[in-house]
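Right, one structure below, let's go through it.
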Amino acid sequence: VDSGKQAVKRLPFVFEPLPLVSSSLQYLSTTPSSSLSSQEEPRPSHPVTHLTSPHWCIATMARNMAAILGLLALASMASMASVAGRHDYGLALKKSILYFEAQRSGVLPPNQRVTWRESSGLFDGKANGVDLVGGYYDAGDNVKFGLPMAFTVTMMSWSILEYGKQMAGAGELRNAMDAVKWGTDYFIKAHPEPDVLYGEVGDGDTDHSCWQRPEDMTTSRQAFRIDPQNPGSDLAGETAAAMAAAALVFRGAYPGYANLLLEHSKQLFAFADKYRGKYDASITVARNYYGSFSGYGDELLWAAAWLYEATEDGFYLDYLARNGDALGGTGWSINQFGWDVKYPGVQLLAAKILLQGRAGAHARRCSFVTSASFLLTVYADLSTSLSGGAVRCPGGAARAPDVLAFVRSQVDYILGDNPRGTSYMVGYGGAFPRQVHHRGASIVSVRKDPSFVGCGEGYAAWYPRAAANPNVLEGAVVGGPDEYDDFADERNNYEQTEAATYNSAPLLGVLARLAGACASGWEEYKNSPLLQQQNQTSSSTSAHHHRRRPSHPAWSPIEIEQNVTKTWARRGTTYHRYSVTVTNRSRKTVRELHLGVAEMQGRLWGLDKAQVRLRAAQVASRAARREEPQVRLRPGGAAGQRLGHWLQACLMMSVWDYGVMCKLLILLLLLESVW
């Protein structure tokens with residue numbers, strides 16, 4: 001750790017299921033060598049060991065960006081709060097919208113900002129006698145899938161409706177509205193008759209056999225549709241929701257266009273409700289890529305909720321009340337929200353209707369409000385502005401500032417506050433994925449080299465390249481690391497390095513919300529009791545007193561205690577020996593437990609690249625014999641450097657206290673260097 005800089009050390013632990021077993025680790029640190037200026041945030045004079053990632057609570061990154069807002073937030077509200085803004089959320093918002101420009105299909109406009117792209121898919125729909133030019137490619141391939149595209153547009157529209165003011169403050173409202181319109185223009189084309197909707201152009205099987213720029217496509221561009229004989233209530237319902245939400249976006253600026261979208265939305269909802277069925281039974285080529293696993297009940301309720309928002313027509317509110325139970329809206333309390341599952345979104349819109357006093361005679365029928373545990377950014381704002389209440393979670397009530405602080409922590413994780421120090425938003429920060437699984441980005445721009453790239457040539461010459469992509473897919477949020485924070489930046493690792501529009505769309509509103517809060521100086525966060533508790537803990541402890549960092553809720557089964565066990569001075573520098581005890585009070589296995597040592601200045605010894613591994617038998621025997629677990633140094637690479645650090649540390653220690661220990665450690669390091 002460089003002297004004078006704040007440091008974070010992350011240590012992976014593995015605990016076996018032994019309740020009420022405590023384990024300890026020890027490390028050595030110096031005190032701060034200089035005082036803080038008045039402009040700096042006050043920091044304690046001692047480092048703090050805290051819980052950074054309990055894996056029974058949160059997954060490191062969800063594939064769906066909306067899941068970050070709810071699935072993770074239900075787990076642990078307190079451990080991730082922070083005060084000082086470290087990220088430029090306005091810049092991240094700008095890059096996120098740029099990503100949608102990179103995903104455009106059709107004739108690109110003169111104000112296209114992603115200049116390495118060119119017009120593509122110019123004959124889409126021609127074989128079917130319909131104009132289907134436009135829309136979005138879903139991810140790193142060149143297929144236009146209707147269901148995830150419609151969800152993308154719905155979420156972009158919702159983001160604008162909730163946080164358009166913040167987007168305008170960041171100078172991105174016009175770009176966000178253009179992104180929505182690019183999708184709705186396509187949906188108008190894809191809905192040529194009241195009971196006909198084209199739901200896919202191209203197919204994944206043939207597309208995945210080629211690695212080509214969209215400008216060079218030679219794969220099938222067949223279009224697939226739903227109609228009364230081949231229904232698709234989920235596809236039609238989601239598209240109806242997208243067009244109703246977009247109508248609200250454009251109502252003020254373009255009322256004629258908004259009315260057109262609303263007319264299409266009403267027709268699509270009537271079509272979806274009258275001719276019921278799953279779309280992947282009609283468009284079978286979509287089944288292996290975007291199968292409708294949740295059915296169509298959620299999309300029917302979702303569309304009705306958005307139509308009521310857009311029209312205030314009691315018919316759609318009656319529909320929600322009459323069909324909420326039958327279509328699963330009141331019984332689903334789930335931890336997913338995305339292109340397939342819409343129930344949490346329905347529940348949140350119903351909560352909004354109820355809390356705003358617009359439910360009328362159906363107020364008691366909106367029982368799915370009680371199970372709304374998702375989309376926490378909007379829900380927290382809604383509860384604050386209309387009821388002043390808190391979000392109810394399994395672990396107790398969470399006030400709106402706490403929820404927003406946690407949501408912010410998850411966004412910060414994506415933007416680089418993670419064990420790898422990697423931003424999983426391409427183009428943001430200094431370290432981000434360079435080999436994104438994306439056909440257009442991985443092949444030289446057609447503007448730079450217009451030479452045709454065929455299917456085989458793309459796979460032979462461009463797909464296996466070890467170099468970075470020639471084009472940066474700015475704003476794309478990739479799949480991200482696994483549950484152990486491992487991430488392989490490799491083009492063929494599509495699960496981790498591919499991005500998708502429907503994952504990024506919900507992030508627009510969150511980034512706009514955070515950018516607005518940042519502009520206001522985070523006043524709303526300063527009232528969070530979690531942050532107050534954290535700050536009090538950080539500043540009220542002296543050198544020789546017991547320290548406990550409540551970086552997780554009181555009901556957490558993991559407890560962390562830190563103590564200063566010895567202090568001495570040598571050559572004008574004061575050293576402290578720390579003992580940290582981690583206690584697992586649960587009856588469950590903690591497979592991966594990350595600890596962080598933060599808020600520290602000066603040198604650190606004893607934890608450099610160290611890993612504590614506790615096995616069941618070892619822990620049991622130690623608990624019985626009251627022995628200390630030992631630190632195992634991770635093999636490889638830097639043994640000589642670590643040997644030097646330990647020699648320096650040993651020279652500074654009292655020989656009669658630590659001489660034997662130092663000799664043993666040096667011997668182990670010498671053996672490691674031989675290995």
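Residues are named by chain letter and number: chains run A, B, ... in the order of the structure tokens, numbers start at 1 in each chain, and ligands are numbered from 1 in the order shown.
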Strand (DSSP E or B) positions in range 185-347 of chain A, given as a VMD selection string: chain A and resid 193 196 to 201 223 to 227 230
Expected file contents, prior selection, N, CA and C atoms, as a compact mmCIF listing (two decimals), in the first residue's frame:
```txt
# COMPACT_ATOMS: atom_id res chain seq x y z
N GLU A 193 -51.13 -4.26 -39.79
CA GLU A 193 -52.56 -4.52 -39.65
C GLU A 193 -52.88 -4.67 -38.17
N VAL A 196 -51.81 -8.15 -36.88
CA VAL A 196 -50.56 -8.69 -37.44
C VAL A 196 -49.39 -7.92 -36.84
N LEU A 197 -48.40 -8.64 -36.37
CA LEU A 197 -47.19 -8.01 -35.83
C LEU A 197 -45.99 -8.86 -36.22
N TYR A 198 -45.02 -8.24 -36.87
CA TYR A 198 -43.77 -8.94 -37.21
C TYR A 198 -42.85 -8.89 -35.98
N GLY A 199 -42.42 -10.07 -35.58
CA GLY A 199 -41.69 -10.19 -34.32
C GLY A 199 -40.24 -10.58 -34.44
N GLU A 200 -39.72 -10.78 -35.66
CA GLU A 200 -38.31 -11.14 -35.81
C GLU A 200 -37.89 -10.99 -37.26
N VAL A 201 -36.69 -10.51 -37.45
CA VAL A 201 -36.07 -10.45 -38.78
C VAL A 201 -34.72 -11.12 -38.68
N ALA A 223 -38.48 -12.65 -42.40
CA ALA A 223 -39.25 -12.03 -41.32
C ALA A 223 -40.31 -12.99 -40.83
N PHE A 224 -40.60 -12.96 -39.54
CA PHE A 224 -41.56 -13.87 -38.90
C PHE A 224 -42.61 -13.03 -38.18
N ARG A 225 -43.87 -13.49 -38.24
CA ARG A 225 -44.95 -12.67 -37.70
C ARG A 225 -45.91 -13.50 -36.86
N ILE A 226 -46.73 -12.79 -36.08
CA ILE A 226 -47.84 -13.41 -35.37
C ILE A 226 -49.13 -12.82 -35.93
N ASP A 227 -50.20 -13.62 -35.87
CA ASP A 227 -51.51 -13.22 -36.38
C ASP A 227 -52.56 -14.07 -35.67
N ASN A 230 -51.68 -17.63 -35.66
CA ASN A 230 -50.39 -17.88 -34.99
C ASN A 230 -50.19 -16.80 -33.93
```
List the neighbours of Leu248 in chain A out to 9 Å using only C-alpha atoms; skip same-chain residues closer than 6 positions along the sequence, and give me the result as a PDB file with N, CA and C atoms, in the first residue's frame.
```pdb
ATOM      1  N   SER A 157     -38.264   4.313 -22.240  1.00  0.00           N
ATOM      2  CA  SER A 157     -39.348   5.278 -22.070  1.00  0.00           C
ATOM      3  C   SER A 157     -39.624   5.522 -20.594  1.00  0.00           C
ATOM      4  N   LEU A 161     -39.555   8.999 -18.471  1.00  0.00           N
ATOM      5  CA  LEU A 161     -40.715   9.494 -17.739  1.00  0.00           C
ATOM      6  C   LEU A 161     -40.379   9.790 -16.280  1.00  0.00           C
ATOM      7  N   ALA A 258     -47.493  10.907 -30.709  1.00  0.00           N
ATOM      8  CA  ALA A 258     -47.912  10.203 -29.496  1.00  0.00           C
ATOM      9  C   ALA A 258     -49.272   9.551 -29.696  1.00  0.00           C
ATOM     10  N   LEU A 262     -50.265   5.571 -29.537  1.00  0.00           N
ATOM     11  CA  LEU A 262     -51.320   5.110 -28.644  1.00  0.00           C
ATOM     12  C   LEU A 262     -52.347   4.275 -29.397  1.00  0.00           C
ATOM     13  N   GLU A 309     -51.901   4.191 -17.667  1.00  0.00           N
ATOM     14  CA  GLU A 309     -51.056   5.353 -17.433  1.00  0.00           C
ATOM     15  C   GLU A 309     -51.189   6.365 -18.572  1.00  0.00           C
ATOM     16  N   ALA A 310     -51.280   5.854 -19.794  1.00  0.00           N
ATOM     17  CA  ALA A 310     -51.287   6.736 -20.954  1.00  0.00           C
ATOM     18  C   ALA A 310     -52.660   7.313 -21.268  1.00  0.00           C
TER      19      ALA A 310
END
```
For Ala468 in chain A, work out the shell of residues within 7 Å, counting only C-alpha atoms and skipping chain neighbours fewer than 2 positions away, then give it as a PyMOL selection string. chain A and resi 434-435+466+470
Using only C-alpha atoms, please write the residues we just selected to a file, as a PDB file, in the first residue's frame.
```pdb
ATOM      1  CA  ARG A 434     -11.475  -4.772 -24.913  1.00  0.00           C
ATOM      2  CA  GLN A 435     -12.624  -7.952 -26.645  1.00  0.00           C
ATOM      3  CA  ALA A 466      -6.066 -11.834 -29.449  1.00  0.00           C
ATOM      4  CA  PRO A 470     -10.778  -2.205 -33.585  1.00  0.00           C
TER       5      PRO A 470
END
```
Can you tell me which residues surround range 205-213 of chain A at a distance of at most 10 Å, considering only C-alpha atoms, apart from same-chain residues fewer than 2 positions away, and format the answer as a PyMOL selection string? chain A and resi 117-118+120+140-143+202-203+215-221+285-286+288-289+438-446+452-463
Given the selection you just returned, output its residues as a file containing N, CA and C atoms, formatted as a compact mmCIF listing (two decimals), in the first residue's frame.
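Okay, selection05.txt is ready:
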```
# COMPACT_ATOMS: atom_id res chain seq x y z
N ARG A 117 -20.00 2.81 -37.51
CA ARG A 117 -21.14 2.08 -38.08
C ARG A 117 -21.59 2.75 -39.38
N GLU A 118 -22.29 1.93 -40.21
CA GLU A 118 -22.87 2.40 -41.46
C GLU A 118 -24.24 1.77 -41.59
N SER A 120 -27.36 -0.51 -42.59
CA SER A 120 -27.39 -1.97 -42.76
C SER A 120 -28.83 -2.46 -42.74
N GLY A 140 -24.73 -8.88 -29.71
CA GLY A 140 -23.54 -8.92 -30.54
C GLY A 140 -23.75 -9.57 -31.87
N ASP A 141 -25.00 -9.92 -32.19
CA ASP A 141 -25.30 -10.54 -33.48
C ASP A 141 -26.10 -9.56 -34.33
N ASN A 142 -26.66 -10.06 -35.45
CA ASN A 142 -27.34 -9.18 -36.40
C ASN A 142 -28.80 -9.55 -36.59
N VAL A 143 -29.43 -10.09 -35.57
CA VAL A 143 -30.84 -10.45 -35.61
C VAL A 143 -31.64 -9.38 -34.89
N GLY A 202 -34.52 -12.16 -39.53
CA GLY A 202 -33.34 -13.00 -39.42
C GLY A 202 -33.59 -14.10 -38.41
N ASP A 203 -32.68 -15.05 -38.31
CA ASP A 203 -32.83 -16.08 -37.28
C ASP A 203 -31.46 -16.40 -36.70
N GLU A 215 -23.11 -4.48 -41.92
CA GLU A 215 -23.10 -3.88 -43.25
C GLU A 215 -22.81 -4.90 -44.34
N ASP A 216 -22.27 -6.07 -43.97
CA ASP A 216 -21.91 -7.11 -44.95
C ASP A 216 -22.83 -8.32 -44.91
N MET A 217 -23.92 -8.26 -44.19
CA MET A 217 -24.72 -9.46 -43.93
C MET A 217 -25.10 -10.21 -45.21
N THR A 218 -24.86 -11.52 -45.17
CA THR A 218 -25.32 -12.42 -46.24
C THR A 218 -26.23 -13.50 -45.69
N THR A 219 -26.56 -13.41 -44.43
CA THR A 219 -27.41 -14.42 -43.79
C THR A 219 -28.87 -14.15 -44.11
N SER A 220 -29.72 -15.09 -43.76
CA SER A 220 -31.15 -14.98 -44.02
C SER A 220 -31.75 -13.77 -43.32
N ARG A 221 -32.57 -13.03 -44.04
CA ARG A 221 -33.30 -11.90 -43.46
C ARG A 221 -34.80 -12.14 -43.53
N VAL A 285 -38.40 -20.09 -34.31
CA VAL A 285 -36.95 -19.84 -34.41
C VAL A 285 -36.46 -18.98 -33.24
N ALA A 286 -37.38 -18.35 -32.52
CA ALA A 286 -36.98 -17.53 -31.38
C ALA A 286 -36.84 -18.34 -30.10
N ASN A 288 -35.07 -20.82 -28.99
CA ASN A 288 -33.76 -21.12 -28.40
C ASN A 288 -33.01 -19.88 -27.96
N TYR A 289 -33.55 -18.71 -28.24
CA TYR A 289 -32.85 -17.47 -27.92
C TYR A 289 -33.64 -16.61 -26.94
N HIS A 438 -18.93 -8.98 -30.12
CA HIS A 438 -19.80 -8.14 -30.94
C HIS A 438 -19.24 -8.13 -32.36
N ARG A 439 -20.06 -8.52 -33.31
CA ARG A 439 -19.57 -8.65 -34.68
C ARG A 439 -19.09 -7.32 -35.24
N GLY A 440 -19.92 -6.29 -35.15
CA GLY A 440 -19.54 -5.02 -35.74
C GLY A 440 -18.33 -4.39 -35.09
N ALA A 441 -18.23 -4.49 -33.76
CA ALA A 441 -17.10 -3.87 -33.07
C ALA A 441 -15.80 -4.63 -33.27
N SER A 442 -15.88 -5.93 -33.52
CA SER A 442 -14.66 -6.75 -33.59
C SER A 442 -14.03 -6.78 -34.97
N ILE A 443 -14.70 -6.23 -35.98
CA ILE A 443 -14.19 -6.20 -37.35
C ILE A 443 -13.95 -4.75 -37.73
N VAL A 444 -12.90 -4.50 -38.49
CA VAL A 444 -12.55 -3.13 -38.87
C VAL A 444 -13.76 -2.44 -39.50
N SER A 445 -13.93 -1.16 -39.20
CA SER A 445 -15.08 -0.41 -39.68
C SER A 445 -15.15 -0.41 -41.21
N VAL A 446 -16.35 -0.54 -41.73
CA VAL A 446 -16.54 -0.52 -43.18
C VAL A 446 -16.15 0.83 -43.76
N PHE A 452 -15.29 -6.39 -48.54
CA PHE A 452 -16.31 -7.31 -48.03
C PHE A 452 -15.68 -8.37 -47.10
N VAL A 453 -16.34 -8.63 -45.99
CA VAL A 453 -15.92 -9.67 -45.05
C VAL A 453 -16.99 -10.74 -45.04
N GLY A 454 -16.64 -11.93 -45.51
CA GLY A 454 -17.60 -13.03 -45.58
C GLY A 454 -17.72 -13.78 -44.28
N CYS A 455 -18.63 -14.76 -44.27
CA CYS A 455 -18.87 -15.55 -43.05
C CYS A 455 -17.60 -16.22 -42.56
N GLY A 456 -16.98 -17.00 -43.46
CA GLY A 456 -15.80 -17.74 -43.06
C GLY A 456 -14.63 -16.84 -42.74
N GLU A 457 -14.47 -15.76 -43.52
CA GLU A 457 -13.36 -14.85 -43.27
C GLU A 457 -13.47 -14.18 -41.91
N GLY A 458 -14.70 -13.84 -41.52
CA GLY A 458 -14.89 -13.23 -40.21
C GLY A 458 -14.49 -14.14 -39.09
N TYR A 459 -14.87 -15.41 -39.20
CA TYR A 459 -14.52 -16.37 -38.14
C TYR A 459 -13.03 -16.71 -38.17
N ALA A 460 -12.43 -16.71 -39.36
CA ALA A 460 -11.02 -17.09 -39.46
C ALA A 460 -10.08 -15.95 -39.11
N ALA A 461 -10.41 -14.73 -39.54
CA ALA A 461 -9.46 -13.63 -39.41
C ALA A 461 -9.75 -12.70 -38.25
N TRP A 462 -11.02 -12.55 -37.86
CA TRP A 462 -11.37 -11.54 -36.87
C TRP A 462 -11.82 -12.11 -35.53
N TYR A 463 -12.59 -13.16 -35.56
CA TYR A 463 -13.12 -13.71 -34.31
C TYR A 463 -12.02 -14.20 -33.36
```
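Counting from CA of Gly277 in chain A, the distance to CA of Ile353 in chain A is 28.2 Å.
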Could you give me, as an NGL selection string, each residue of range 434-464 of chain A that DSSP assigns to helix (DSSP H, G or I) when run on this structure's backbone? :A and (439-442 or 455-462)
Neighbouring residues of Thr239 in chain A were defined as those with any atom within 10 Å, considering only C-alpha atoms; residues of the same chain fewer than 4 positions away were excluded. Please report them as a list in words. Gly146, Leu147, Pro148, Met149, Ala150, Phe151, Val153, Thr154, Thr184, Phe187, His191, Leu197, Gly199, Ser233, Asp234, Leu235, Met243, Ala244, Ala245, His264, Ser265, Leu268, Phe269, Ala272, Glu299 and Ala303 of chain A
What would the file look like if the residues just selected were written as an mmCIF file, in the first residue's frame with N, CA, C and O atoms?
```
data_model
loop_
_atom_site.group_PDB
_atom_site.id
_atom_site.type_symbol
_atom_site.label_atom_id
_atom_site.label_comp_id
_atom_site.auth_asym_id
_atom_site.auth_seq_id
_atom_site.Cartn_x
_atom_site.Cartn_y
_atom_site.Cartn_z
ATOM 1 N N GLY A 146 -38.021 -9.253 -31.665
ATOM 2 C CA GLY A 146 -39.053 -8.299 -31.285
ATOM 3 C C GLY A 146 -39.301 -8.189 -29.797
ATOM 4 O O GLY A 146 -39.499 -7.079 -29.283
ATOM 5 N N LEU A 147 -39.305 -9.305 -29.055
ATOM 6 C CA LEU A 147 -39.657 -9.259 -27.639
ATOM 7 C C LEU A 147 -38.634 -8.479 -26.815
ATOM 8 O O LEU A 147 -39.003 -7.548 -26.089
ATOM 9 N N PRO A 148 -37.348 -8.790 -26.894
ATOM 10 C CA PRO A 148 -36.391 -7.985 -26.113
ATOM 11 C C PRO A 148 -36.285 -6.548 -26.619
ATOM 12 O O PRO A 148 -36.018 -5.636 -25.831
ATOM 13 N N MET A 149 -36.497 -6.317 -27.926
ATOM 14 C CA MET A 149 -36.461 -4.947 -28.427
ATOM 15 C C MET A 149 -37.595 -4.129 -27.834
ATOM 16 O O MET A 149 -37.406 -2.972 -27.442
ATOM 17 N N ALA A 150 -38.785 -4.715 -27.742
ATOM 18 C CA ALA A 150 -39.921 -3.996 -27.174
ATOM 19 C C ALA A 150 -39.686 -3.687 -25.699
ATOM 20 O O ALA A 150 -39.983 -2.579 -25.227
ATOM 21 N N PHE A 151 -39.154 -4.649 -24.956
ATOM 22 C CA PHE A 151 -38.847 -4.390 -23.544
ATOM 23 C C PHE A 151 -37.812 -3.277 -23.414
ATOM 24 O O PHE A 151 -37.901 -2.425 -22.515
ATOM 25 N N VAL A 153 -37.369 -0.711 -25.375
ATOM 26 C CA VAL A 153 -38.021 0.572 -25.608
ATOM 27 C C VAL A 153 -38.910 0.947 -24.421
ATOM 28 O O VAL A 153 -38.974 2.114 -24.024
ATOM 29 N N THR A 154 -39.602 -0.036 -23.848
ATOM 30 C CA THR A 154 -40.417 0.254 -22.664
ATOM 31 C C THR A 154 -39.563 0.818 -21.543
ATOM 32 O O THR A 154 -39.925 1.813 -20.899
ATOM 33 N N THR A 184 -39.638 2.878 -31.798
ATOM 34 C CA THR A 184 -41.075 2.970 -32.080
ATOM 35 C C THR A 184 -41.347 3.167 -33.568
ATOM 36 O O THR A 184 -42.379 2.702 -34.081
ATOM 37 N N PHE A 187 -41.528 -0.268 -34.794
ATOM 38 C CA PHE A 187 -42.739 -0.980 -34.376
ATOM 39 C C PHE A 187 -43.952 -0.570 -35.215
ATOM 40 O O PHE A 187 -44.824 -1.398 -35.489
ATOM 41 N N HIS A 191 -46.170 -3.350 -37.493
ATOM 42 C CA HIS A 191 -47.586 -3.562 -37.176
ATOM 43 C C HIS A 191 -48.445 -2.998 -38.315
ATOM 44 O O HIS A 191 -49.143 -1.989 -38.172
ATOM 45 N N LEU A 197 -48.401 -8.636 -36.375
ATOM 46 C CA LEU A 197 -47.190 -8.008 -35.832
ATOM 47 C C LEU A 197 -45.989 -8.861 -36.219
ATOM 48 O O LEU A 197 -45.938 -10.061 -35.934
ATOM 49 N N GLY A 199 -42.423 -10.068 -35.575
ATOM 50 C CA GLY A 199 -41.687 -10.186 -34.320
ATOM 51 C C GLY A 199 -40.237 -10.578 -34.440
ATOM 52 O O GLY A 199 -39.543 -10.666 -33.418
ATOM 53 N N SER A 233 -49.381 -13.511 -27.547
ATOM 54 C CA SER A 233 -49.864 -12.485 -26.623
ATOM 55 C C SER A 233 -48.734 -11.786 -25.887
ATOM 56 O O SER A 233 -48.831 -10.592 -25.566
ATOM 57 N N ASP A 234 -47.662 -12.499 -25.589
ATOM 58 C CA ASP A 234 -46.531 -11.895 -24.883
ATOM 59 C C ASP A 234 -45.825 -10.866 -25.749
ATOM 60 O O ASP A 234 -45.523 -9.757 -25.308
ATOM 61 N N LEU A 235 -45.576 -11.208 -27.014
ATOM 62 C CA LEU A 235 -44.923 -10.285 -27.932
ATOM 63 C C LEU A 235 -45.803 -9.069 -28.208
ATOM 64 O O LEU A 235 -45.343 -7.920 -28.143
ATOM 65 N N MET A 243 -45.211 0.970 -26.800
ATOM 66 C CA MET A 243 -45.773 2.101 -27.553
ATOM 67 C C MET A 243 -46.610 3.006 -26.649
ATOM 68 O O MET A 243 -46.661 4.229 -26.855
ATOM 69 N N ALA A 244 -47.262 2.443 -25.638
ATOM 70 C CA ALA A 244 -48.004 3.278 -24.685
ATOM 71 C C ALA A 244 -47.047 4.114 -23.849
ATOM 72 O O ALA A 244 -47.279 5.316 -23.623
ATOM 73 N N ALA A 245 -45.974 3.507 -23.360
ATOM 74 C CA ALA A 245 -44.994 4.255 -22.572
ATOM 75 C C ALA A 245 -44.335 5.341 -23.419
ATOM 76 O O ALA A 245 -44.115 6.466 -22.958
ATOM 77 N N HIS A 264 -51.778 2.415 -32.082
ATOM 78 C CA HIS A 264 -51.140 1.110 -32.299
ATOM 79 C C HIS A 264 -51.143 0.287 -31.011
ATOM 80 O O HIS A 264 -51.371 -0.932 -31.041
ATOM 81 N N SER A 265 -50.882 0.925 -29.891
ATOM 82 C CA SER A 265 -50.839 0.220 -28.612
ATOM 83 C C SER A 265 -52.193 -0.395 -28.278
ATOM 84 O O SER A 265 -52.277 -1.562 -27.857
ATOM 85 N N LEU A 268 -52.820 -3.416 -30.504
ATOM 86 C CA LEU A 268 -51.983 -4.555 -30.136
ATOM 87 C C LEU A 268 -52.465 -5.208 -28.849
ATOM 88 O O LEU A 268 -52.425 -6.442 -28.720
ATOM 89 N N PHE A 269 -52.919 -4.409 -27.901
ATOM 90 C CA PHE A 269 -53.436 -4.997 -26.661
ATOM 91 C C PHE A 269 -54.699 -5.814 -26.930
ATOM 92 O O PHE A 269 -54.843 -6.937 -26.402
ATOM 93 N N ALA A 272 -53.614 -9.012 -28.547
ATOM 94 C CA ALA A 272 -52.960 -9.916 -27.592
ATOM 95 C C ALA A 272 -53.975 -10.589 -26.684
ATOM 96 O O ALA A 272 -53.846 -11.782 -26.361
ATOM 97 N N GLU A 299 -47.273 -10.031 -19.537
ATOM 98 C CA GLU A 299 -47.295 -8.999 -20.571
ATOM 99 C C GLU A 299 -48.683 -8.386 -20.748
ATOM 100 O O GLU A 299 -48.806 -7.180 -21.038
ATOM 101 N N ALA A 303 -49.103 -4.461 -20.218
ATOM 102 C CA ALA A 303 -49.646 -3.583 -21.249
ATOM 103 C C ALA A 303 -50.857 -2.814 -20.731
ATOM 104 O O ALA A 303 -51.008 -1.611 -21.003
#
```
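Comparing A:Ala505, A:Leu122, A:Leu307, A:Ala240 by their smallest distance to Ala176 in chain A, the closest is A:Ala505 (using only C-alpha atoms).
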Which residues are close to Thr115 in chain A, i.e. within 10 Å by only C-alpha atoms, leaving aside same-chain residues fewer than 4 positions away? Reply as a PyMOL selection string. chain A and resi 101-102+108+111+445+447+471
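Between CA of Gln166 in chain A and CA of Ala515 in chain A the interatomic distance comes to 6.9 Å.
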